[in-house]
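Q: Provided herewith is a single structure, encoded as structure tokens, for subsequent inquiry.
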Amino acid sequence: MVGIISYGGYIPLWRLSRSAIAAGLKGEKAIAGFDEDSITMAVAAAAECLKGVDRNDIDALILCSTTLPYVEKQSAAILARALDLRKDILTTDITGCLRGGTIGLRIALDMVKSGSAKNVLIAAADCRLGVPESGVERESGDGAAAFLIGETEKPVATVKGQYSVSSELMDVWRSNGETFINTEEDRFIEDEGYLKIVGQAVKGLFSSQGLSAKDFAKAAFYAPSPRCYQALPGTTGLKLDQIQDPLFGKVGNTGTAHALMLLAAALEGAKIGDRLLVASYGDGSDALMLEVNGPNNNGQRTFASYMDNKKIVEDYRRYLKWRGILPLDKSRATVIPKVSMKALMRRQEELLSMNGVKCRACGTVQYPPQRVCTKCRTKDEFDKVRLSDKKGVVYSWSADFGAGGMELPIPTMTDVEGGGRVFCILCDASQEEAKVGMPVEFTLRRGYSQAPPDYIWKAKPAITAE
């Protein structure tokens with residue numbers, strides 16, 4: 001059967017208190033760290049999705065986002081290299097549309113059903129910016145989700161029906177070169193846009209499948225605001241307890257990733273035989289019906305563990321500096337030369353894929369890769385070994401007070417499980433939290449270059465899958 005083989009999600013560690021945006025607001029929203037963006041979050045979600053999966057089996061990769069760092073350059077190619085996928089695969093970006101995640105899901109299903117690919121990975125991530133103190137900023141959040149579509153005897157879930165509506169409506173947009181999202185008046189967005197169009201897609205799906213709202217255990221809806229979420233029962237006929245929590249006040253509207261993140265959360269709580277509904281929105285709507293066949297049981301991290309693992313940012317100015325909205329004092333910052341494109345190309349295996357080498361003679365693991373084994377001196381007798389999906393323990397650390405920048409850099413030497421020692425920066429942790437023996441895992445983050453952005457692997461405190 002063709003269906004969902006695996007899925008994974010990612011919610012950043014950091015949460016911005018909504019009261020920091022405007023006094024009196026309750027709750028929080030998930031925000032990407034200063035060194036995170038849509039690509040790094042997509043890598044994190046995809047790495048969870050690929051646990052227990054042979055990465056050489058992936059034939060295509062689709063990356064969906066409205067906030068990719070490049071206007072002209074394929075970001076999916078960066079994602080594929082960071083995940084250490086084969087080079088003879090199809091990669092593509094789906095950009096500029098908030099329902100890009102479900103569009104990617106439909107394309108992946110069609111590719112597998114047609115036989116043009118056996119396994120297709122879809123990743124959706126967004127890090128959208130609203131004007132400071134605006135409603136969009138209050139309700140938006142950052143996050144990612146990934147799904148692996150393929151043919152297997154018992155997929156996690158199968159898509160039994162789908163229905164799409166296309167609509168040209170200027171309700172939410174961002175023109176080329178603009179930083180912030182533009183929106184029309186709220187009532188127009190809700191009544192003429194979201195509720196009407198999503199309602200058409202859902203009712204079209206019900207009609208095409210001969211089903212009604214009562215036939216579904218759970219429904220995962222993209223929703224631009226809590227008010228739209230509360231109005232969904234009147235539009236779709238579903239009861240509010242049938243609709244997956246949209247995570248407003250906890251994570252926020254994660255844009256392209258929102259519908260897929262909620263679908264993943266619904267799958268985590270579903271039982272075999274349950275019917276699920278997922279519906280997206282953006283220049284139309286896609287509604288899909290799924291039937292649950294089994295659990296996602298390869299040790300993927302649950303959304304509950306992400307929700308519980310968090311740090312609150314109370315300083316609104318700190319957040320604005322992370323997003324580049326407020327200028328950063330660079331008087332003490334170390335001048336870092338422009339990154340060399342040629343060096344990046346030569347060192348892709350090391351920098352983007354985090355591949356080391358293992359000596360065939362004595363088994364010593366080295367990173368970065370070397371031609372001569374440091375232990376037995378054997379030359380050019382190595383096998384490639386991927387370190388990015390392994391755990392580690394901090395062997396030593398220091399703090400670089402002379403570097404300047406947004407946050408204090410904490411360089412570490414980290415011992416990797418299975419052998420090897422790597423030099424990398426510790427992120428998502430303060431100087432007070434850093435310690436020798438700290439369990440860590442590796443995460444792709446932005447490096448020091450802003451134009452163009454470069455990506456490096458860092459260490460972050462490990463959290464267990466629950």
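Naming works like this for the structure tokens: A, B, ... for the chains as they're shown, residue 1 at the start of each chain, ligands 1 onward in shown order.
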As a VMD selection string, please: the residues near A:Asn119 (cut-off 10 Å, only C-alpha atoms, same-chain neighbours under 5 positions excluded).
A: chain A and resid 2 to 5 55 to 61 108 to 109 111 to 112 148 to 152
Q: Could you turn the residues from that selection into a file that holds all heavy atoms, as a tab-separated table (two decimals), in the first residue's frame?
A:
chain	number	residue	atom	x	y	z
A	2	VAL	N	0.42	2.27	-0.73
A	2	VAL	CA	1.11	3.55	-0.74
A	2	VAL	C	0.56	4.40	0.40
A	2	VAL	O	-0.66	4.55	0.56
A	2	VAL	CB	0.90	4.27	-2.08
A	2	VAL	CG1	1.51	5.67	-2.03
A	2	VAL	CG2	1.51	3.47	-3.22
A	3	GLY	N	1.45	4.94	1.19
A	3	GLY	CA	1.00	5.77	2.30
A	3	GLY	C	2.15	6.38	3.05
A	3	GLY	O	3.29	6.44	2.56
A	4	ILE	N	1.88	6.82	4.26
A	4	ILE	CA	2.89	7.44	5.13
A	4	ILE	C	3.66	6.34	5.83
A	4	ILE	O	3.10	5.54	6.58
A	4	ILE	CB	2.22	8.37	6.16
A	4	ILE	CG1	1.50	9.52	5.45
A	4	ILE	CG2	3.24	8.90	7.15
A	4	ILE	CD1	0.61	10.34	6.36
A	5	ILE	N	4.96	6.26	5.57
A	5	ILE	CA	5.82	5.27	6.21
A	5	ILE	C	6.31	5.77	7.56
A	5	ILE	O	6.42	5.01	8.52
A	5	ILE	CB	7.01	4.93	5.30
A	5	ILE	CG1	6.52	4.23	4.02
A	5	ILE	CG2	8.03	4.06	6.02
A	5	ILE	CD1	7.62	3.93	3.03
A	55	ARG	N	18.70	5.78	4.52
A	55	ARG	CA	18.64	7.01	3.74
A	55	ARG	C	18.95	6.80	2.27
A	55	ARG	O	18.60	7.63	1.42
A	55	ARG	CB	19.56	8.07	4.35
A	55	ARG	CG	19.19	8.40	5.79
A	55	ARG	CD	19.92	9.60	6.34
A	55	ARG	NE	19.60	9.80	7.76
A	55	ARG	CZ	19.91	10.88	8.46
A	55	ARG	NH1	20.58	11.87	7.88
A	55	ARG	NH2	19.58	10.97	9.73
A	56	ASN	N	19.58	5.69	1.95
A	56	ASN	CA	19.85	5.39	0.53
A	56	ASN	C	18.59	4.99	-0.22
A	56	ASN	O	18.60	4.89	-1.45
A	56	ASN	CB	20.89	4.27	0.42
A	56	ASN	CG	22.28	4.73	0.81
A	56	ASN	OD1	22.68	5.85	0.49
A	56	ASN	ND2	23.01	3.89	1.51
A	57	ASP	N	17.49	4.77	0.52
A	57	ASP	CA	16.23	4.40	-0.13
A	57	ASP	C	15.41	5.59	-0.58
A	57	ASP	O	14.40	5.43	-1.25
A	57	ASP	CB	15.38	3.54	0.83
A	57	ASP	CG	15.98	2.17	1.08
A	57	ASP	OD1	16.79	1.72	0.24
A	57	ASP	OD2	15.65	1.56	2.11
A	58	ILE	N	15.83	6.82	-0.22
A	58	ILE	CA	15.08	8.01	-0.58
A	58	ILE	C	15.36	8.38	-2.03
A	58	ILE	O	16.52	8.54	-2.43
A	58	ILE	CB	15.44	9.19	0.34
A	58	ILE	CG1	15.32	8.79	1.81
A	58	ILE	CG2	14.55	10.39	0.03
A	58	ILE	CD1	13.95	8.31	2.22
A	59	ASP	N	14.30	8.50	-2.82
A	59	ASP	CA	14.44	8.81	-4.26
A	59	ASP	C	14.13	10.25	-4.60
A	59	ASP	O	14.47	10.72	-5.70
A	59	ASP	CB	13.50	7.91	-5.08
A	59	ASP	CG	13.79	6.44	-4.86
A	59	ASP	OD1	14.97	6.05	-4.92
A	59	ASP	OD2	12.83	5.67	-4.61
A	60	ALA	N	13.44	10.98	-3.73
A	60	ALA	CA	13.08	12.37	-4.02
A	60	ALA	C	12.87	13.11	-2.71
A	60	ALA	O	12.49	12.52	-1.69
A	60	ALA	CB	11.82	12.44	-4.88
A	61	LEU	N	13.13	14.41	-2.75
A	61	LEU	CA	12.98	15.27	-1.58
A	61	LEU	C	12.26	16.54	-2.00
A	61	LEU	O	12.65	17.22	-2.95
A	61	LEU	CB	14.35	15.61	-1.00
A	61	LEU	CG	14.41	16.70	0.08
A	61	LEU	CD1	13.62	16.28	1.31
A	61	LEU	CD2	15.85	17.03	0.44
A	108	ALA	N	3.96	13.93	-3.73
A	108	ALA	CA	4.69	12.73	-3.31
A	108	ALA	C	3.84	11.48	-3.49
A	108	ALA	O	4.34	10.44	-3.98
A	108	ALA	CB	5.12	12.87	-1.85
A	109	LEU	N	2.58	11.55	-3.11
A	109	LEU	CA	1.68	10.40	-3.30
A	109	LEU	C	1.57	10.02	-4.77
A	109	LEU	O	1.62	8.84	-5.14
A	109	LEU	CB	0.30	10.71	-2.73
A	109	LEU	CG	0.20	10.76	-1.19
A	109	LEU	CD1	-1.08	11.46	-0.77
A	109	LEU	CD2	0.26	9.35	-0.61
A	111	MET	N	3.74	10.64	-7.16
A	111	MET	CA	5.02	10.12	-7.64
A	111	MET	C	5.17	8.64	-7.30
A	111	MET	O	5.59	7.84	-8.14
A	111	MET	CB	6.18	10.92	-7.03
A	111	MET	CG	6.32	12.33	-7.56
A	111	MET	SD	7.68	13.23	-6.75
A	111	MET	CE	9.10	12.33	-7.38
A	112	VAL	N	4.82	8.28	-6.06
A	112	VAL	CA	4.97	6.88	-5.65
A	112	VAL	C	3.95	5.99	-6.39
A	112	VAL	O	4.28	4.90	-6.86
A	112	VAL	CB	4.82	6.74	-4.13
A	112	VAL	CG1	4.87	5.27	-3.72
A	112	VAL	CG2	5.92	7.51	-3.42
A	148	LEU	N	7.50	10.79	5.25
A	148	LEU	CA	8.08	9.90	4.24
A	148	LEU	C	6.94	9.11	3.61
A	148	LEU	O	6.21	8.39	4.30
A	148	LEU	CB	9.09	8.95	4.87
A	148	LEU	CG	9.75	7.94	3.92
A	148	LEU	CD1	10.53	8.65	2.83
A	148	LEU	CD2	10.67	6.99	4.69
A	149	ILE	N	6.79	9.27	2.29
A	149	ILE	CA	5.75	8.59	1.53
A	149	ILE	C	6.37	7.47	0.72
A	149	ILE	O	7.38	7.66	0.04
A	149	ILE	CB	5.02	9.57	0.59
A	149	ILE	CG1	4.49	10.78	1.37
A	149	ILE	CG2	3.89	8.87	-0.15
A	149	ILE	CD1	3.49	10.44	2.44
A	150	GLY	N	5.78	6.29	0.79
A	150	GLY	CA	6.30	5.16	0.03
A	150	GLY	C	5.31	4.02	0.01
A	150	GLY	O	4.17	4.15	0.49
A	151	GLU	N	5.74	2.90	-0.55
A	151	GLU	CA	4.89	1.72	-0.63
A	151	GLU	C	5.42	0.65	0.32
A	151	GLU	O	6.59	0.28	0.27
A	151	GLU	CB	4.85	1.17	-2.06
A	151	GLU	CG	3.84	0.05	-2.24
A	151	GLU	CD	3.57	-0.27	-3.71
A	151	GLU	OE1	4.25	0.31	-4.57
A	151	GLU	OE2	2.68	-1.10	-3.97
A	152	THR	N	4.55	0.18	1.20
A	152	THR	CA	4.93	-0.82	2.19
A	152	THR	C	3.71	-1.64	2.56
A	152	THR	O	2.57	-1.25	2.27
A	152	THR	CB	5.52	-0.14	3.45
A	152	THR	OG1	5.92	-1.13	4.39
A	152	THR	CG2	4.51	0.78	4.10
Q: Hey, what's within 12 Å of A:Val198 if we count only C-alpha atoms and toss same-chain stuff fewer than 2 positions away? As a short mmCIF file (atom, residue, chain, number, x, y, z; two decimals) with N, CA, C and O atoms, in the first residue's frame, please?
A:
data_model
loop_
_atom_site.label_atom_id
_atom_site.label_comp_id
_atom_site.auth_asym_id
_atom_site.auth_seq_id
_atom_site.Cartn_x
_atom_site.Cartn_y
_atom_site.Cartn_z
N ARG A 99 -0.15 26.67 1.65
CA ARG A 99 -0.56 25.26 1.63
C ARG A 99 0.45 24.39 0.89
O ARG A 99 0.14 23.29 0.44
N TYR A 163 -9.33 16.35 -1.98
CA TYR A 163 -10.13 17.33 -2.71
C TYR A 163 -9.46 18.69 -2.56
O TYR A 163 -9.05 19.07 -1.46
N SER A 164 -9.31 19.40 -3.67
CA SER A 164 -8.61 20.68 -3.65
C SER A 164 -9.47 21.79 -4.26
O SER A 164 -10.28 21.54 -5.16
N VAL A 165 -9.27 23.00 -3.76
CA VAL A 165 -9.91 24.20 -4.28
C VAL A 165 -8.83 25.23 -4.53
O VAL A 165 -7.96 25.45 -3.68
N SER A 166 -8.85 25.86 -5.70
CA SER A 166 -7.94 26.95 -6.01
C SER A 166 -8.70 28.27 -5.93
O SER A 166 -9.83 28.37 -6.40
N SER A 167 -8.09 29.28 -5.32
CA SER A 167 -8.77 30.55 -5.15
C SER A 167 -7.78 31.70 -5.25
O SER A 167 -6.74 31.68 -4.58
N ILE A 189 -10.58 38.39 5.66
CA ILE A 189 -9.78 37.17 5.59
C ILE A 189 -10.59 35.97 6.07
O ILE A 189 -10.59 34.90 5.45
N GLU A 190 -11.31 36.16 7.15
CA GLU A 190 -12.04 35.05 7.75
C GLU A 190 -13.27 34.65 6.93
O GLU A 190 -13.44 33.47 6.60
N ASP A 191 -14.10 35.64 6.58
CA ASP A 191 -15.39 35.33 5.96
C ASP A 191 -15.28 35.04 4.47
O ASP A 191 -15.86 34.07 3.96
N GLU A 192 -14.54 35.87 3.75
CA GLU A 192 -14.41 35.67 2.31
C GLU A 192 -13.27 34.76 1.93
O GLU A 192 -13.25 34.19 0.84
N GLY A 193 -12.33 34.62 2.86
CA GLY A 193 -11.17 33.78 2.59
C GLY A 193 -11.24 32.44 3.29
O GLY A 193 -11.83 31.48 2.79
N TYR A 194 -10.70 32.39 4.48
CA TYR A 194 -10.44 31.12 5.15
C TYR A 194 -11.68 30.24 5.32
O TYR A 194 -11.73 29.11 4.84
N LEU A 195 -12.70 30.74 5.99
CA LEU A 195 -13.85 29.89 6.32
C LEU A 195 -14.59 29.44 5.08
O LEU A 195 -15.02 28.27 4.98
N LYS A 196 -14.75 30.31 4.11
CA LYS A 196 -15.47 29.95 2.89
C LYS A 196 -14.69 28.92 2.09
O LYS A 196 -15.25 27.91 1.64
N GLN A 200 -15.43 24.88 1.54
CA GLN A 200 -15.66 24.28 0.23
C GLN A 200 -14.83 23.01 0.05
O GLN A 200 -15.32 21.99 -0.46
N ALA A 201 -13.56 23.06 0.46
CA ALA A 201 -12.68 21.90 0.31
C ALA A 201 -13.15 20.73 1.17
O ALA A 201 -13.19 19.58 0.72
N VAL A 202 -13.51 21.02 2.42
CA VAL A 202 -13.94 19.96 3.33
C VAL A 202 -15.25 19.34 2.86
O VAL A 202 -15.41 18.11 2.82
N LYS A 203 -16.20 20.18 2.49
CA LYS A 203 -17.49 19.66 2.03
C LYS A 203 -17.33 18.90 0.71
O LYS A 203 -18.01 17.90 0.47
N GLY A 204 -16.43 19.36 -0.15
CA GLY A 204 -16.15 18.64 -1.39
C GLY A 204 -15.57 17.26 -1.11
O GLY A 204 -15.91 16.28 -1.78
N LEU A 205 -14.69 17.17 -0.11
CA LEU A 205 -14.13 15.87 0.28
C LEU A 205 -15.21 14.97 0.84
O LEU A 205 -15.30 13.79 0.47
N ALA A 220 -7.19 17.91 11.45
CA ALA A 220 -6.07 18.84 11.62
C ALA A 220 -6.21 19.97 10.61
O ALA A 220 -6.08 19.75 9.41
N PHE A 221 -6.49 21.16 11.09
CA PHE A 221 -6.74 22.31 10.24
C PHE A 221 -5.65 23.37 10.41
O PHE A 221 -5.37 23.78 11.55
N TYR A 222 -5.09 23.84 9.30
CA TYR A 222 -4.38 25.11 9.35
C TYR A 222 -5.40 26.18 9.76
O TYR A 222 -6.53 26.19 9.27
N ALA A 223 -5.01 27.07 10.66
CA ALA A 223 -5.90 28.17 11.05
C ALA A 223 -5.05 29.42 11.27
O ALA A 223 -4.05 29.37 11.99
N PRO A 224 -5.43 30.54 10.65
CA PRO A 224 -4.63 31.76 10.79
C PRO A 224 -4.77 32.43 12.15
O PRO A 224 -3.91 33.22 12.54
N CYS A 228 -10.68 32.02 13.93
CA CYS A 228 -11.01 31.13 12.82
C CYS A 228 -11.18 29.69 13.31
O CYS A 228 -12.07 28.97 12.87
N TYR A 229 -10.30 29.29 14.20
CA TYR A 229 -10.39 27.94 14.77
C TYR A 229 -11.73 27.72 15.48
O TYR A 229 -12.39 26.69 15.30
N ALA A 231 -14.47 29.13 14.82
CA ALA A 231 -15.57 29.17 13.86
C ALA A 231 -15.65 27.93 12.98
O ALA A 231 -16.61 27.76 12.22
N LEU A 232 -14.65 27.03 13.06
CA LEU A 232 -14.62 25.86 12.17
C LEU A 232 -15.81 24.92 12.33
O LEU A 232 -16.31 24.40 11.32
N PRO A 233 -16.31 24.66 13.54
CA PRO A 233 -17.47 23.77 13.64
C PRO A 233 -18.67 24.23 12.82
O PRO A 233 -19.33 23.42 12.16
N GLY A 234 -18.95 25.54 12.83
CA GLY A 234 -20.08 26.04 12.06
C GLY A 234 -19.86 25.93 10.57
O GLY A 234 -20.82 25.84 9.79
N THR A 235 -18.61 25.92 10.12
CA THR A 235 -18.30 25.85 8.69
C THR A 235 -18.23 24.41 8.19
O THR A 235 -18.64 24.12 7.07
N THR A 236 -17.71 23.51 9.02
CA THR A 236 -17.43 22.14 8.56
C THR A 236 -18.39 21.09 9.11
O THR A 236 -18.44 19.97 8.60
N VAL A 278 -7.16 16.26 7.21
CA VAL A 278 -6.21 17.37 7.27
C VAL A 278 -6.59 18.36 6.18
O VAL A 278 -6.91 17.96 5.05
N ALA A 279 -6.60 19.63 6.52
CA ALA A 279 -6.95 20.67 5.55
C ALA A 279 -6.01 21.85 5.71
O ALA A 279 -5.76 22.32 6.83
N SER A 280 -5.50 22.33 4.58
CA SER A 280 -4.59 23.47 4.57
C SER A 280 -5.30 24.68 3.98
O SER A 280 -6.45 24.60 3.54
N TYR A 281 -4.60 25.81 3.94
CA TYR A 281 -5.17 27.02 3.36
C TYR A 281 -4.07 27.91 2.82
O TYR A 281 -3.01 28.03 3.42
N GLY A 282 -4.34 28.56 1.69
CA GLY A 282 -3.41 29.49 1.07
C GLY A 282 -3.63 29.48 -0.43
O GLY A 282 -3.27 28.51 -1.09
N ASP A 283 -4.27 30.51 -0.97
CA ASP A 283 -4.63 30.54 -2.40
C ASP A 283 -5.48 29.32 -2.76
O ASP A 283 -5.37 28.78 -3.86
N GLY A 284 -6.30 28.93 -1.84
CA GLY A 284 -7.12 27.74 -2.02
C GLY A 284 -6.99 26.84 -0.80
O GLY A 284 -6.54 27.28 0.27
N SER A 285 -7.38 25.60 -0.95
CA SER A 285 -7.31 24.67 0.17
C SER A 285 -7.20 23.24 -0.35
O SER A 285 -7.78 22.90 -1.39
N ASP A 286 -6.43 22.43 0.37
CA ASP A 286 -6.36 20.98 0.11
C ASP A 286 -6.93 20.26 1.31
O ASP A 286 -6.56 20.54 2.45
N ALA A 287 -7.86 19.34 1.07
CA ALA A 287 -8.41 18.51 2.14
C ALA A 287 -8.12 17.05 1.81
O ALA A 287 -8.37 16.61 0.68
N LEU A 288 -7.57 16.32 2.77
CA LEU A 288 -7.23 14.92 2.55
C LEU A 288 -7.79 14.07 3.68
O LEU A 288 -7.81 14.48 4.84
#
Q: Counting only C-alpha atoms, what are the residues of stretch 66-142 of chain A within 12 Å of stretch 19-23 of chain A, and for each of them which pair of atoms is the nearest and at what distance in Å, to one decimal? Sort the table by chain and rising number, as JSON lines.
A:
{"residue": "A:Gly130", "atom": "CA", "partner": "A:Ile21", "partner_atom": "CA", "distance": 11.7}
{"residue": "A:Val131", "atom": "CA", "partner": "A:Ile21", "partner_atom": "CA", "distance": 11.2}
{"residue": "A:Pro132", "atom": "CA", "partner": "A:Ile21", "partner_atom": "CA", "distance": 8.0}
{"residue": "A:Glu133", "atom": "CA", "partner": "A:Ile21", "partner_atom": "CA", "distance": 5.7}
{"residue": "A:Ser134", "atom": "CA", "partner": "A:Ile21", "partner_atom": "CA", "distance": 8.7}
{"residue": "A:Gly135", "atom": "CA", "partner": "A:Ile21", "partner_atom": "CA", "distance": 10.0}
{"residue": "A:Val136", "atom": "CA", "partner": "A:Ile21", "partner_atom": "CA", "distance": 11.4}
{"residue": "A:Glu137", "atom": "CA", "partner": "A:Ile21", "partner_atom": "CA", "distance": 8.5}
{"residue": "A:Arg138", "atom": "CA", "partner": "A:Ile21", "partner_atom": "CA", "distance": 7.1}
{"residue": "A:Glu139", "atom": "CA", "partner": "A:Ile21", "partner_atom": "CA", "distance": 10.8}
Q: If you count only C-alpha atoms, which residues fall within 12 Å of A:Val339, apart from same-chain ones fewer than 4 positions away, as a CSV table (one decimal) with all heavy atoms, in the first residue's frame?
A:
chain,number,residue,atom,x,y,z
A,335,VAL,N,35.9,40.2,13.2
A,335,VAL,CA,35.7,40.3,11.8
A,335,VAL,C,35.9,38.9,11.1
A,335,VAL,O,37.0,38.4,11.2
A,335,VAL,CB,36.6,41.3,11.1
A,335,VAL,CG1,36.4,41.4,9.6
A,335,VAL,CG2,36.3,42.7,11.8
A,343,ALA,N,35.7,26.5,-0.9
A,343,ALA,CA,35.9,25.7,0.3
A,343,ALA,C,34.7,24.9,0.7
A,343,ALA,O,34.8,23.8,1.1
A,343,ALA,CB,36.5,26.6,1.4
A,344,LEU,N,33.5,25.6,0.6
A,344,LEU,CA,32.3,24.9,1.0
A,344,LEU,C,32.0,23.7,0.1
A,344,LEU,O,31.6,22.7,0.5
A,344,LEU,CB,31.1,25.9,0.9
A,344,LEU,CG,31.1,27.0,2.0
A,344,LEU,CD1,29.8,27.9,1.8
A,344,LEU,CD2,31.0,26.4,3.4
A,345,MET,N,32.3,23.9,-1.2
A,345,MET,CA,32.1,22.8,-2.2
A,345,MET,C,33.0,21.6,-1.9
A,345,MET,O,32.5,20.5,-1.8
A,345,MET,CB,32.3,23.3,-3.6
A,345,MET,CG,32.1,22.2,-4.7
A,345,MET,SD,32.8,22.8,-6.3
A,345,MET,CE,34.5,22.7,-6.0
A,447,GLY,N,25.9,29.3,10.4
A,447,GLY,CA,27.2,29.6,10.9
A,447,GLY,C,27.3,31.1,11.1
A,447,GLY,O,26.4,31.8,11.6
A,448,TYR,N,28.4,31.7,10.6
A,448,TYR,CA,28.7,33.1,10.9
A,448,TYR,C,28.5,34.0,9.7
A,448,TYR,O,28.4,35.2,9.9
A,448,TYR,CB,30.2,33.2,11.4
A,448,TYR,CG,30.5,32.4,12.6
A,448,TYR,CD1,31.1,31.2,12.5
A,448,TYR,CD2,30.1,32.9,13.8
A,448,TYR,CE1,31.3,30.4,13.7
A,448,TYR,CE2,30.4,32.2,15.0
A,448,TYR,CZ,31.0,30.9,14.9
A,448,TYR,OH,31.2,30.2,16.0
A,449,SER,N,28.3,33.5,8.6
A,449,SER,CA,28.1,34.3,7.4
A,449,SER,C,26.6,34.6,7.2
A,449,SER,O,25.8,33.7,7.4
A,449,SER,CB,28.6,33.6,6.1
A,449,SER,OG,28.3,34.3,4.9
A,450,GLN,N,26.3,35.8,6.9
A,450,GLN,CA,24.9,36.2,6.8
A,450,GLN,C,24.5,36.3,5.3
A,450,GLN,O,23.4,36.1,4.9
A,450,GLN,CB,24.6,37.6,7.4
A,450,GLN,CG,24.8,37.5,8.9
A,450,GLN,CD,23.9,36.6,9.6
A,450,GLN,OE1,22.7,36.5,9.3
A,450,GLN,NE2,24.4,35.8,10.5
A,451,ALA,N,25.5,36.6,4.4
A,451,ALA,CA,25.2,36.7,3.0
A,451,ALA,C,26.4,36.2,2.2
A,451,ALA,O,27.4,36.9,2.1
A,451,ALA,CB,24.9,38.2,2.6
A,452,PRO,N,26.2,35.0,1.6
A,452,PRO,CA,25.1,34.1,1.8
A,452,PRO,C,25.2,33.3,3.1
A,452,PRO,O,26.3,33.3,3.7
A,452,PRO,CB,25.3,33.1,0.6
A,452,PRO,CG,26.8,33.1,0.4
A,452,PRO,CD,27.3,34.5,0.7
A,453,PRO,N,24.1,32.8,3.6
A,453,PRO,CA,24.2,32.0,4.9
A,453,PRO,C,25.0,30.8,4.7
A,453,PRO,O,24.9,30.1,3.7
A,453,PRO,CB,22.8,31.8,5.2
A,453,PRO,CG,22.1,31.8,3.9
A,453,PRO,CD,22.8,32.8,3.1
A,454,ASP,N,25.8,30.4,5.7
A,454,ASP,CA,26.4,29.1,5.7
A,454,ASP,C,25.9,28.3,6.9
A,454,ASP,O,25.2,28.8,7.8
A,454,ASP,CB,28.0,29.2,5.9
A,454,ASP,CG,28.4,29.8,7.2
A,454,ASP,OD1,27.6,30.7,7.7
A,454,ASP,OD2,29.4,29.5,7.8
A,455,TYR,N,26.1,27.0,6.8
A,455,TYR,CA,25.5,26.1,7.8
A,455,TYR,C,26.5,25.1,8.3
A,455,TYR,O,27.4,24.6,7.6
A,455,TYR,CB,24.3,25.2,7.1
A,455,TYR,CG,23.2,26.1,6.7
A,455,TYR,CD1,23.1,26.6,5.4
A,455,TYR,CD2,22.2,26.4,7.6
A,455,TYR,CE1,22.1,27.4,5.0
A,455,TYR,CE2,21.1,27.2,7.2
A,455,TYR,CZ,21.1,27.7,5.9
A,455,TYR,OH,20.0,28.5,5.5
Q: For atom CA of A:Lys390 and atom CA of A:Asn355, determine how far apart the two atoms are, in Å to one decimal place.
A: 11.2 Å
Q: Just asking: which residues within stretch 160-239 of chain A are helix (DSSP H, G or I) according to DSSP, as a ChimeraX atom specification?
A: /A:186-209,213-215,226-236
Q: Counting only C-alpha atoms, give me one row per residue of stretch 128-243 of chain A with an atom at most 12 Å from an atom of stretch 69-76 of chain A, showing the shortest contact pair and its distance in Å to one decimal, sorted by chain then residue number, as a Markdown table.
A:
| residue | atom | partner | partner_atom | distance |
| --- | --- | --- | --- | --- |
| A:Arg128 | CA | A:Pro69 | CA | 11.6 |
| A:Ser175 | CA | A:Val71 | CA | 11.7 |
| A:Asn176 | CA | A:Val71 | CA | 8.6 |
| A:Gly177 | CA | A:Val71 | CA | 9.4 |
| A:Glu178 | CA | A:Val71 | CA | 12.0 |
| A:Thr179 | CA | A:Pro69 | CA | 11.6 |
Q: Please, what distance in Å, to one decimal, runs between atom CA of A:Ile456 and atom CA of A:Glu36?
A: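 Interatomic distance, atom CA of A:Ile456 to atom CA of A:Glu36: 10.9 Å.
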Q: To one decimal in Å, tell me the separation between atom CA of A:Ala429 and atom CA of A:Ile410.
A: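 According to the coordinates, atom CA of A:Ala429 and atom CA of A:Ile410 are separated by 8.7 Å.
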Q: Can you work out which one of A:Ser398, A:Thr102, A:Thr412, A:Asn309 has the shortest atom-to-atom distance to A:Met261, counting only C-alpha atoms?
A: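 Among A:Ser398, A:Thr102, A:Thr412, A:Asn309, it is A:Thr102 that comes nearest to A:Met261.
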Q: To test your reading of the structure, identify every residue in stretch 288-373 of chain A that backbone DSSP assigns to strand (DSSP E), and report it as a ChimeraX atom specification.
A: /A:288-292,311-313,355-359,365-366
Q: Leaving out A:Ser212 and any residue of its chain fewer than 4 positions from it, which residues lie within 9 Å of it when counting only C-alpha atoms, given as JSON, numbers by chain?
A: {"A": [203, 206, 207, 216, 237, 238]}
Q: Using N, CA and C atoms, can you write the selected residues to a file as a PDB file, in the first residue's frame?
A:
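Result file part.pdb:
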ATOM      1  N   LYS A 203     -16.202  20.175   2.492  1.00  0.00           N
ATOM      2  CA  LYS A 203     -17.486  19.659   2.030  1.00  0.00           C
ATOM      3  C   LYS A 203     -17.330  18.902   0.711  1.00  0.00           C
ATOM      4  N   PHE A 206     -16.039  15.509   1.729  1.00  0.00           N
ATOM      5  CA  PHE A 206     -17.134  14.713   2.292  1.00  0.00           C
ATOM      6  C   PHE A 206     -18.014  14.151   1.180  1.00  0.00           C
ATOM      7  N   SER A 207     -18.388  15.000   0.234  1.00  0.00           N
ATOM      8  CA  SER A 207     -19.289  14.585  -0.843  1.00  0.00           C
ATOM      9  C   SER A 207     -18.647  13.527  -1.732  1.00  0.00           C
ATOM     10  N   PHE A 216     -15.214  11.084  11.224  1.00  0.00           N
ATOM     11  CA  PHE A 216     -13.801  11.367  11.449  1.00  0.00           C
ATOM     12  C   PHE A 216     -13.492  11.444  12.945  1.00  0.00           C
ATOM     13  N   GLY A 237     -19.118  21.422  10.169  1.00  0.00           N
ATOM     14  CA  GLY A 237     -19.983  20.439  10.801  1.00  0.00           C
ATOM     15  C   GLY A 237     -19.282  19.587  11.841  1.00  0.00           C
ATOM     16  N   LEU A 238     -17.964  19.755  11.964  1.00  0.00           N
ATOM     17  CA  LEU A 238     -17.209  19.020  12.978  1.00  0.00           C
ATOM     18  C   LEU A 238     -17.412  19.644  14.348  1.00  0.00           C
TER      19      LEU A 238
END
